[in-house]
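S.K.: Have a look at this one.
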Amino acid sequence: MRIQPRSINRLWAWTTLTVLGLVCLVGTGCSTKTPKYPEDHARFQRVVQAIKTLETAYVNEDASAFHELLLPLEQLEILESEARQDFSTFSTIHLDFTVDRILIDGNRISAFISWQGTWQRSAQGSSDQARGHGVLLWSGNQVILLRGVEGDLPFGMATRLNLPS
């Protein structure tokens with residue numbers, strides 16, 4: 001008769017240890033890691049959001065939202081006029097940006113992107129596809145604005161595809 005109480009005590013001990021072990025494991029395994037430099041992380045998130053906003057403004061053919069992201073520079077006025085020409089030429093634009101890398105050096109931000117897209121002239125017409133790589137040059141800390149572009153970017157596809165506007 002003594003065998004039964006000993007086995008119950010051992011079972012109770014193992015169950016208690018197992019439950020405590022699981023609680024400790026869950027407590028340490030599910031902890032969230034806070035960024036080491038929260039201001040830099042927040043700025044990085046603002047840059048990513050600015051890139052998404054630029055992509056969305058172009059796809060939705062929203063000229064005013066596109067304009068709000070640009071610094072008033074001559075190079076960007078040309079970029080904006082090319083985007084407006086795309087808006088008037090194509091009925092549907094599908095574009096996907098992929099951020100490859102972001103470099104932040106003081107007030108200068110370089111976002112290296114890959115992109116692919118489809119431009120359709122009319123609902124029944126054929127579509128043209130393109131892809132490329134480029135660099136979006138941003139500036140700012142709290143408000144992130146585009147200050148320049150380099151490489152092969154999707155803006156100005158109406159001119160590149162030699163389509164009349």
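So you can find residues: chains in the structure tokens are A, B, ... in the order shown, residues in each start at 1, and ligands are numbered from 1 in order.
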So that I can see what lies close to Pro154 (chain A), please list as an NGL selection string the residues with an atom at most 12 Å from it, counting only C-alpha atoms and leaving out residues fewer than 6 positions away in the same chain.
M.R.: :A and (54-55 or 58-59 or 79-80 or 82-83 or 86 or 93-97 or 113-119 or 128-136 or 160-161)
S.K.: DSSP on the backbone: which residues in region 7-165 of chain A end up as strand (DSSP E or B)? Give the answer as a PyMOL selection string.
M.R.: chain A and resi 70+92-105+108-120+127-139+145-151
S.K.: Keeping only N, CA and C atoms, write those residues as a compact mmCIF listing (two decimals), in the first residue's frame.
M.R.:
# COMPACT_ATOMS: atom_id res chain seq x y z
N LEU A 70 7.91 65.41 -52.51
CA LEU A 70 9.09 65.90 -53.21
C LEU A 70 9.57 67.23 -52.68
N THR A 92 -4.35 52.03 -66.05
CA THR A 92 -4.05 51.19 -64.89
C THR A 92 -2.54 51.04 -64.75
N ILE A 93 -2.07 51.26 -63.53
CA ILE A 93 -0.65 51.06 -63.21
C ILE A 93 -0.57 50.13 -62.01
N HIS A 94 0.19 49.07 -62.15
CA HIS A 94 0.49 48.17 -61.03
C HIS A 94 1.99 48.24 -60.81
N LEU A 95 2.40 48.49 -59.58
CA LEU A 95 3.82 48.64 -59.28
C LEU A 95 4.12 48.06 -57.92
N ASP A 96 5.22 47.33 -57.83
CA ASP A 96 5.66 46.76 -56.56
C ASP A 96 7.10 47.19 -56.31
N PHE A 97 7.31 47.90 -55.22
CA PHE A 97 8.65 48.26 -54.77
C PHE A 97 9.10 47.22 -53.76
N THR A 98 10.36 46.85 -53.84
CA THR A 98 11.00 46.02 -52.82
C THR A 98 12.22 46.78 -52.33
N VAL A 99 12.25 47.07 -51.05
CA VAL A 99 13.39 47.79 -50.48
C VAL A 99 14.51 46.78 -50.25
N ASP A 100 15.62 47.01 -50.94
CA ASP A 100 16.77 46.12 -50.80
C ASP A 100 17.64 46.52 -49.61
N ARG A 101 17.80 47.84 -49.45
CA ARG A 101 18.70 48.32 -48.39
C ARG A 101 18.44 49.80 -48.18
N ILE A 102 18.58 50.26 -46.96
CA ILE A 102 18.46 51.67 -46.63
C ILE A 102 19.71 52.09 -45.87
N LEU A 103 20.34 53.16 -46.34
CA LEU A 103 21.52 53.72 -45.68
C LEU A 103 21.16 55.11 -45.16
N ILE A 104 21.41 55.35 -43.89
CA ILE A 104 21.14 56.65 -43.29
C ILE A 104 22.46 57.21 -42.81
N ASP A 105 22.83 58.37 -43.35
CA ASP A 105 24.07 59.05 -42.97
C ASP A 105 23.72 60.50 -42.66
N ARG A 108 21.15 62.52 -44.85
CA ARG A 108 21.08 61.91 -46.18
C ARG A 108 20.66 60.45 -46.04
N ILE A 109 19.61 60.11 -46.76
CA ILE A 109 19.06 58.75 -46.71
C ILE A 109 19.03 58.20 -48.13
N SER A 110 19.58 57.02 -48.32
CA SER A 110 19.56 56.36 -49.62
C SER A 110 18.80 55.05 -49.48
N ALA A 111 17.75 54.91 -50.26
CA ALA A 111 16.95 53.68 -50.25
C ALA A 111 17.14 52.98 -51.59
N PHE A 112 17.79 51.84 -51.57
CA PHE A 112 18.04 51.05 -52.77
C PHE A 112 16.83 50.14 -52.96
N ILE A 113 16.19 50.24 -54.12
CA ILE A 113 14.97 49.49 -54.36
C ILE A 113 15.05 48.69 -55.65
N SER A 114 14.29 47.61 -55.67
CA SER A 114 14.01 46.85 -56.88
C SER A 114 12.53 47.06 -57.14
N TRP A 115 12.14 47.10 -58.40
CA TRP A 115 10.74 47.30 -58.71
C TRP A 115 10.34 46.49 -59.93
N GLN A 116 9.05 46.21 -60.01
CA GLN A 116 8.48 45.60 -61.20
C GLN A 116 7.05 46.12 -61.32
N GLY A 117 6.61 46.28 -62.56
CA GLY A 117 5.29 46.85 -62.74
C GLY A 117 4.68 46.52 -64.09
N THR A 118 3.40 46.85 -64.17
CA THR A 118 2.63 46.66 -65.40
C THR A 118 1.87 47.96 -65.66
N TRP A 119 1.95 48.44 -66.89
CA TRP A 119 1.27 49.66 -67.30
C TRP A 119 0.30 49.30 -68.42
N GLN A 120 -0.97 49.64 -68.24
CA GLN A 120 -2.00 49.30 -69.21
C GLN A 120 -2.64 50.59 -69.70
N SER A 127 -0.93 45.25 -72.08
CA SER A 127 -0.16 45.91 -71.04
C SER A 127 1.33 45.71 -71.31
N ASP A 128 2.10 46.64 -70.78
CA ASP A 128 3.56 46.58 -70.89
C ASP A 128 4.12 46.33 -69.50
N GLN A 129 5.12 45.46 -69.44
CA GLN A 129 5.75 45.15 -68.17
C GLN A 129 7.19 45.62 -68.19
N ALA A 130 7.66 46.01 -67.02
CA ALA A 130 9.05 46.44 -66.88
C ALA A 130 9.50 46.18 -65.46
N ARG A 131 10.79 46.17 -65.28
CA ARG A 131 11.38 46.00 -63.95
C ARG A 131 12.74 46.68 -63.95
N GLY A 132 13.22 46.97 -62.75
CA GLY A 132 14.51 47.63 -62.66
C GLY A 132 14.95 47.82 -61.22
N HIS A 133 16.04 48.59 -61.11
CA HIS A 133 16.64 48.90 -59.81
C HIS A 133 16.95 50.39 -59.79
N GLY A 134 16.86 50.98 -58.65
CA GLY A 134 17.18 52.39 -58.52
C GLY A 134 17.42 52.77 -57.09
N VAL A 135 17.74 54.04 -56.91
CA VAL A 135 17.98 54.58 -55.58
C VAL A 135 17.10 55.80 -55.39
N LEU A 136 16.33 55.79 -54.32
CA LEU A 136 15.54 56.96 -53.93
C LEU A 136 16.33 57.68 -52.85
N LEU A 137 16.66 58.94 -53.09
CA LEU A 137 17.45 59.73 -52.16
C LEU A 137 16.49 60.61 -51.36
N TRP A 138 16.47 60.41 -50.07
CA TRP A 138 15.55 61.12 -49.18
C TRP A 138 16.32 62.04 -48.28
N SER A 139 15.59 62.95 -47.66
CA SER A 139 16.18 63.87 -46.71
C SER A 139 15.17 64.13 -45.60
N LEU A 145 11.37 63.63 -47.10
CA LEU A 145 11.02 64.09 -48.44
C LEU A 145 12.06 63.61 -49.45
N LEU A 146 11.60 63.35 -50.65
CA LEU A 146 12.48 62.88 -51.73
C LEU A 146 13.32 64.06 -52.23
N ARG A 147 14.63 63.87 -52.29
CA ARG A 147 15.53 64.93 -52.75
C ARG A 147 16.21 64.58 -54.06
N GLY A 148 16.09 63.32 -54.50
CA GLY A 148 16.71 62.94 -55.76
C GLY A 148 16.48 61.47 -56.06
N VAL A 149 16.81 61.10 -57.29
CA VAL A 149 16.69 59.71 -57.72
C VAL A 149 17.91 59.35 -58.56
N GLU A 150 18.24 58.09 -58.55
CA GLU A 150 19.34 57.57 -59.37
C GLU A 150 18.94 56.21 -59.91
N GLY A 151 19.46 55.88 -61.06
CA GLY A 151 19.23 54.56 -61.61
C GLY A 151 17.97 54.47 -62.45
S.K.: Write out as a ChimeraX atom specification all residues of region 41-148 of chain A that backbone DSSP assigns to alpha helix (DSSP H).
M.R.: /A:41-59,63-68,74-89
S.K.: CA of Gly156 (chain A) and CA of Leu69 (chain A), how far apart in Å?
M.R.: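 Computing it gives 17.0 Å between the two atoms.
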S.K.: Tell me which of A:Phe90, A:Arg10, A:Phe155, A:Val19 sits closest to Leu76 (chain A), counting only C-alpha atoms.
M.R.: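 Nearest candidate to Leu76 (chain A) out of A:Phe90, A:Arg10, A:Phe155, A:Val19: A:Phe155.
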